[in-house]
There are 2 protein chains.
Amino acid sequence: MANDKKVEQITDMEVDFAQWYTDVCKKAELIDYSSIKGMFIYRPYGYAIWENIQQELDRRFKETGHENVYLPMLIPESLLQKEKDHVEGFAPECAWVTMGGSEELEERYCIRPTSETLFCEHYKNIIHSHRDLPMLYNQWCSVLRWEKTSRPFLRHREFLWQEGHTMHATEDEAREETQRMLNIYADFLENFLAMPVVKGRKTDKEKFNGAEETYTVECMMHDKKALQSGTSHYFGDGFARAFDITFTGSDNQLHHPHQTSWGVSTRMIGGIIMTHGDNNGLVLPPKVAPIQVIVVPVAQHKPGVLEKAAEVLDTLKGAGIRARMDDSDNSMGWKCAQWEMKGVPVRLELGPRDIENGQCVCVRRDNGEKVTVALAELAVAVSELLEQVHQGLFEKAKRNLDEHIYPAFSLDEAKRLQEEKGGFIKTMWCGALQCELDMKEKAGMTSRCIPFAQEKLGDVCACCGKPADKMIYWGVAY
Amino acid sequence: MANDKKVEQITDMEVDFAQWYTDVCKKAELIDYSSIKGMFIYRPYGYAIWENIQQELDRRFKETGHENVYLPMLIPESLLQKEKDHVEGFAPECAWVTMGGSEELEERYCIRPTSETLFCEHYKNIIHSHRDLPMLYNQWCSVLRWEKTSRPFLRHREFLWQEGHTMHATEDEAREETQRMLNIYADFLENFLAMPVVKGRKTDKEKFNGAEETYTVECMMHDKKALQSGTSHYFGDGFARAFDITFTGSDNQLHHPHQTSWGVSTRMIGGIIMTHGDNNGLVLPPKVAPIQVIVVPVAQHKPGVLEKAAEVLDTLKGAGIRARMDDSDNSMGWKCAQWEMKGVPVRLELGPRDIENGQCVCVRRDNGEKVTVALAELAVAVSELLEQVHQGLFEKAKRNLDEHIYPAFSLDEAKRLQEEKGGFIKTMWCGALQCELDMKEKAGMTSRCIPFAQEKLGDVCACCGKPADKMIYWGVAY
């Protein structure tokens with residue numbers, strides 16, 4: 001007896017992209033609201049996506065010699081204040097613990113918004129000799145920033161992330177690490193999440209509090225807005241000096257080590273949704289999908305159907321494919337809509353006639369294409385199909401990125417292009433903060449990055465007309 | 001040129017067990033202190049042990065149908081207060097957030113000491129029908145309890161743990177879940193950590209705040225003290241009533257679901273140290289050891305030695321054994337002492353003469369036994385050796401447990417046995433709270449559990465002489 005419940009509709013993305021996004025987060029059961037504003041619940045399906053991200057990144061971090069640690073979640077106020085730029089940036093959005101049990105604390109503690117200060121305190125204890133370097137640490141944890149506004153995955157008061165913190169004997173080594181980790185992020189985003197990136201350097205205005213340089217991977221969402229998807233920072237020896245961290249070099253002299261940090265967070269899940277999703281809901285790239293194939297038996301009450309479907313499921317699982325069967329008593333229409341909403345890359349349908357013919361029908365989530373697959377070749381064919389879905393998603397997103405980067409030669413033109421077309425506006429830039437402030441005020445755009453892949457669009461700054469030798473990308477960012 | 005640094009000595013465990021324990025935590029580089037009292041840093045080697053624990057337990061949880069979620073770390077005070085027994089137990093040790101940025105909060109939030117209240121709030125939103133049940137959730141996170149005293153791994157203000165929270169349509173199902181998870185803990189402790197357990201039920205005095213019943217796995221440490229190593233709670237529908245969680249049953253009536261929670265924490269690492277460690281440092285059971293085999297080349301400057309050692313390393317890794325090579329320029333003595341301190345289960349030595357003979361020497365960390373192994377049979381022989389180390393550790397710990405359980409028939413006798421011999425003292429018990437209070441006051445012991453494996457030692461309570469039909473274990477606990 002088929003269950004007649006209806007799949008609820010979501011808002012069209014063309015009508016209201018923001019509402020469409022929130023609908024997908026809720027209806028695909030990725031997230032729920034808690035009773036504290038800006039703090040969200042990661043539901044099983046949303047958390048499973050994060051687990052897949054974690055597992056793959058963790059493997060890449062360990063492969064490159066990094067070790068995981070866990071440091072306290074609380075930072076004494078005096079410790080946070082040791083590096084001036086850092087505390088100025090973060091103090092306004094810290095949550096403060098002032099009571100332990102029934103006692104007022106002598107010094108208040110903030111819940112970590114990021115852990116540079118804690119790592120530096122620890123590094124001071126354990127770094128003595130050049131033999132102790134490099135120190136390559138990473139931490140998986142949650143951090144807290146008391147933001148005024150919030151959106152699922154994109155801006156939480158508490159969010160899950162990883163923060164790498166490393167110390168090196170020389171500036172060169174530290175700079176190399178900064179690039180290595182940026183490249184890991186870029187490769188991960190493109191080849192695991194099917195999200196094409198623009199790699200570049202942040203301006204001084206946009207860099208991390210306390211960093212000498214910040215590098216970034218910027219992605220473009222379906223609505224042409226930018227998402228900063230991962231950052232990697234070079235600190236020089238600024239924190240090391242503030243925290244008095246020294247080591248004895250092979251020259252027997254005392255030196256300050258050079259530092260990096262780098263991080264990505266659950267906002268990447270927001271990026272996945274806004275890069276690949278459509279009006280039927282979530283669309284997940286196969287490598288990160290908790291369920292890669294949903295097996296849906298057709299006319300499942302007929303003899304032999306469920307047995308054969310179970311066999312198919314076992315074959316897929318045996319080939320290392322994350323597959324599941326939906327043999328619930330919901331209607332076929334409901335099942336299709338439900339698994340589309342959840343973004344499962346391939347739906348495999350199998351009915352009595354298919355079984356007779358020794359085949360099944362695979363439906364691609366990304367483009368709706370139906371492919372008939374011989375059961376004898378199931379595992380290989382489905383693996384190839386998943387690879388095709390990944391490629392299809394990446395190419396579509398790459399087109400969206402490439403087709404929405406526009407050159408502009410004046411602030412007015414930049415503003416008009418952003419309003420009419422959206423996307424990244426590329427201009428020459430003189431390097432002055434005032435031009436960034438003007439672009440923000442007059443065209444509503446922030447600098448996204450100075451891309452590594454430079455082009456010479458001209459000789460003068462689009463904002464002020466003064467000589468300029470850098471090309472910069474502007475955009476409206478999440 | 002050999003590096004002549006010396007391995008620092010640790011305190012003898014027979015002289016001062018507490019100091020020995022702290023020494024091992026520090027010298028094996030498991031943990032470091034932070035600037036906040038009672039908050040510790042999990043260093044790479046300590047955290048890697050936790051990662052192995054996590055991975056194995058997570059696999060077992062998922063195998064039994066549980067899904068991971070992540071809920072906020074903050075609990076509004078009004079939410080914590082909804083279940084009376086629960087808040088009474090936890091409020092005195094909560095850390096309170098009272099400021100967000102520069103603003104005083106309208107309601108203060110505590111950092112989660114445990115998350116029953118948060119799960120219940122979420123369950124109220126998502127449980128509607130019997131079709132939604134059971135709801136089988138687990139969370140990996142850190143929690144905070146503002147304790148007055150602290151010890152590495154055993155008592156932290158912040159510690160890492162997992163907390164399972166489940167909801168069921170019937171009492172029977174919930175009770176079954178409580179037992180299922182206790183059994184998973186027991187099996188994990190014995191077969192993965194080589195720590196024999198006593199399974200039983202906690203008295204009302206010792207049960208979890210707000211629970212109807214608490215089940216426990218109790219372990220005995222090398223110094224004969226008890227360590228509560230995992231607990232599983234049955235809540236009935238108490239929280240469900242307090243939080244107004246209902247579902248429509250198949251009878252079309254509204255019902256309250258029945259609840260469980262269960263957890264283990266990084267204190268298990270303290271248990272590993274105190275169960276297996278010796279005067280040379282840590283001794284790790286092979287299944288949880290981050291490094292299972294350390295390959296130490298002998299006379300490594302001689303031609304061919306390092307090459308052959310690298311080959312041996314590859315063979316071990318290829319067989320899925322977590323192996324590493326120490327080809328540092330430290331002396332042989334230092335290397336042996338260092339890897340003993342870190343508890344690596346097997347040290348594999350390989351020198352020019354061994355290579356000539358097509359063999360190597362394996363030294364077991366648990367009993368110092370040396371075994372000559374033919375290189376042709378390396379992978380199989382080392383795998384068997386690791387299994388033998390596990391068995392050896394388990395049997396030794398099991399003897400320590402079995403040989404230190406003493407029956408007593410009066411409070412005085414219980415007290416004398418604890419003072420003279422230590423361990424678990426088993427007596428009959430009438431069930432009265434007063435007898436527990438007396439035992440605590442006069443003999444310094446708390447009830448550990450009412451073991452599932454009951455024995456009839458007599459008819460009367462050892463404390464008060466009244467009729468008694470339950471046997472109980474008493475001990476001095478960490």
# chains A, B, ... in the order shown; residues from 1 in each chain; ligands from 1
>>> closest_atom_pairs(of="segment 268-363 of chain A", to="segment 386-402 of chain A", cutoff="8 Å", atoms="only C-alpha atoms", output="JSON lines")
{"residue": "A:Thr275", "atom": "CA", "partner": "A:Ala397", "partner_atom": "CA", "distance": 6.6}
{"residue": "A:His276", "atom": "CA", "partner": "A:Leu393", "partner_atom": "CA", "distance": 6.8}
{"residue": "A:Pro285", "atom": "CA", "partner": "A:His390", "partner_atom": "CA", "distance": 5.6}
{"residue": "A:Pro286", "atom": "CA", "partner": "A:Leu386", "partner_atom": "CA", "distance": 6.0}
{"residue": "A:Lys287", "atom": "CA", "partner": "A:His390", "partner_atom": "CA", "distance": 7.8}
{"residue": "A:Gln292", "atom": "CA", "partner": "A:Leu386", "partner_atom": "CA", "distance": 7.8}
{"residue": "A:Pro345", "atom": "CA", "partner": "A:Val389", "partner_atom": "CA", "distance": 7.1}
{"residue": "A:Val346", "atom": "CA", "partner": "A:Leu386", "partner_atom": "CA", "distance": 7.4}
>>> interface_residues(of="chain A", to="chain B", cutoff="9 Å", atoms="only C-alpha atoms", output="ChimeraX atom specification")
/A:32-36,39-48,67-76,79,91-102,110-111,118,121-122,125,137,141-142,145-147,158-159
>>> atom_distance(atom1="atom CA of Gln228 of chain A", atom2="atom CA of Tyr215 of chain A")
10.3 Å
>>> atom_distance(atom1="atom CA of Ala408 of chain A", atom2="atom CA of Ala226 of chain A")
17.5 Å
>>> atom_distance(atom1="atom CA of Asn280 of chain A", atom2="atom CA of Gln9 of chain A")
8.4 Å
>>> closest_residue(among="A:Asp278, A:Glu307, A:Glu419, A:Asp438", to="Arg365 of chain A", atoms="only C-alpha atoms")
A:Asp278
>>> residues_around(residues="Gly281 of chain B", least_positions_apart="6", cutoff="10 Å", atoms="only C-alpha atoms", output="MDAnalysis selection string")
chainID B and resid 9:13 20:21 23:25 27:28 273 337:343
>>> closest_residue(among="A:Ile269, A:Leu254, A:Leu80, A:Ala323", to="Glu116 of chain A", atoms="only C-alpha atoms")
A:Leu80
>>> select_by_dssp(residues="segment 35-95 of chain A", states="strand (DSSP E or B)", output="list in words")
Phe40, Ile41, Tyr42, Glu67, Asn68, Tyr70, Leu74, Ile75, Pro76 and Ala95 of chain A
>>> write_last_selection(atoms="N, CA and C atoms", output="PDB file, in the first residue's frame")
ATOM      1  N   PHE A  40      23.482  26.400  14.749  1.00  0.00           N
ATOM      2  CA  PHE A  40      22.719  25.442  13.964  1.00  0.00           C
ATOM      3  C   PHE A  40      23.012  24.010  14.382  1.00  0.00           C
ATOM      4  N   ILE A  41      22.086  23.137  14.020  1.00  0.00           N
ATOM      5  CA  ILE A  41      22.267  21.706  14.243  1.00  0.00           C
ATOM      6  C   ILE A  41      22.650  21.054  12.918  1.00  0.00           C
ATOM      7  N   TYR A  42      23.790  20.392  12.889  1.00  0.00           N
ATOM      8  CA  TYR A  42      24.182  19.634  11.702  1.00  0.00           C
ATOM      9  C   TYR A  42      23.477  18.291  11.787  1.00  0.00           C
ATOM     10  N   GLU A  67      50.299  16.418  11.609  1.00  0.00           N
ATOM     11  CA  GLU A  67      49.766  15.613  12.713  1.00  0.00           C
ATOM     12  C   GLU A  67      48.607  16.362  13.363  1.00  0.00           C
ATOM     13  N   ASN A  68      47.614  15.621  13.825  1.00  0.00           N
ATOM     14  CA  ASN A  68      46.484  16.244  14.504  1.00  0.00           C
ATOM     15  C   ASN A  68      46.736  16.388  15.994  1.00  0.00           C
ATOM     16  N   TYR A  70      44.773  18.411  19.712  1.00  0.00           N
ATOM     17  CA  TYR A  70      43.583  19.122  20.196  1.00  0.00           C
ATOM     18  C   TYR A  70      43.963  20.031  21.348  1.00  0.00           C
ATOM     19  N   LEU A  74      39.100  27.288  25.309  1.00  0.00           N
ATOM     20  CA  LEU A  74      39.061  28.605  25.954  1.00  0.00           C
ATOM     21  C   LEU A  74      40.417  29.308  25.879  1.00  0.00           C
ATOM     22  N   ILE A  75      40.374  30.615  25.671  1.00  0.00           N
ATOM     23  CA  ILE A  75      41.589  31.435  25.610  1.00  0.00           C
ATOM     24  C   ILE A  75      41.502  32.526  26.672  1.00  0.00           C
ATOM     25  N   PRO A  76      42.470  32.553  27.617  1.00  0.00           N
ATOM     26  CA  PRO A  76      42.475  33.651  28.593  1.00  0.00           C
ATOM     27  C   PRO A  76      42.609  34.993  27.859  1.00  0.00           C
ATOM     28  N   ALA A  95      32.796  35.319  22.321  1.00  0.00           N
ATOM     29  CA  ALA A  95      31.863  35.024  23.413  1.00  0.00           C
ATOM     30  C   ALA A  95      32.726  34.801  24.654  1.00  0.00           C
TER      31      ALA A  95
END
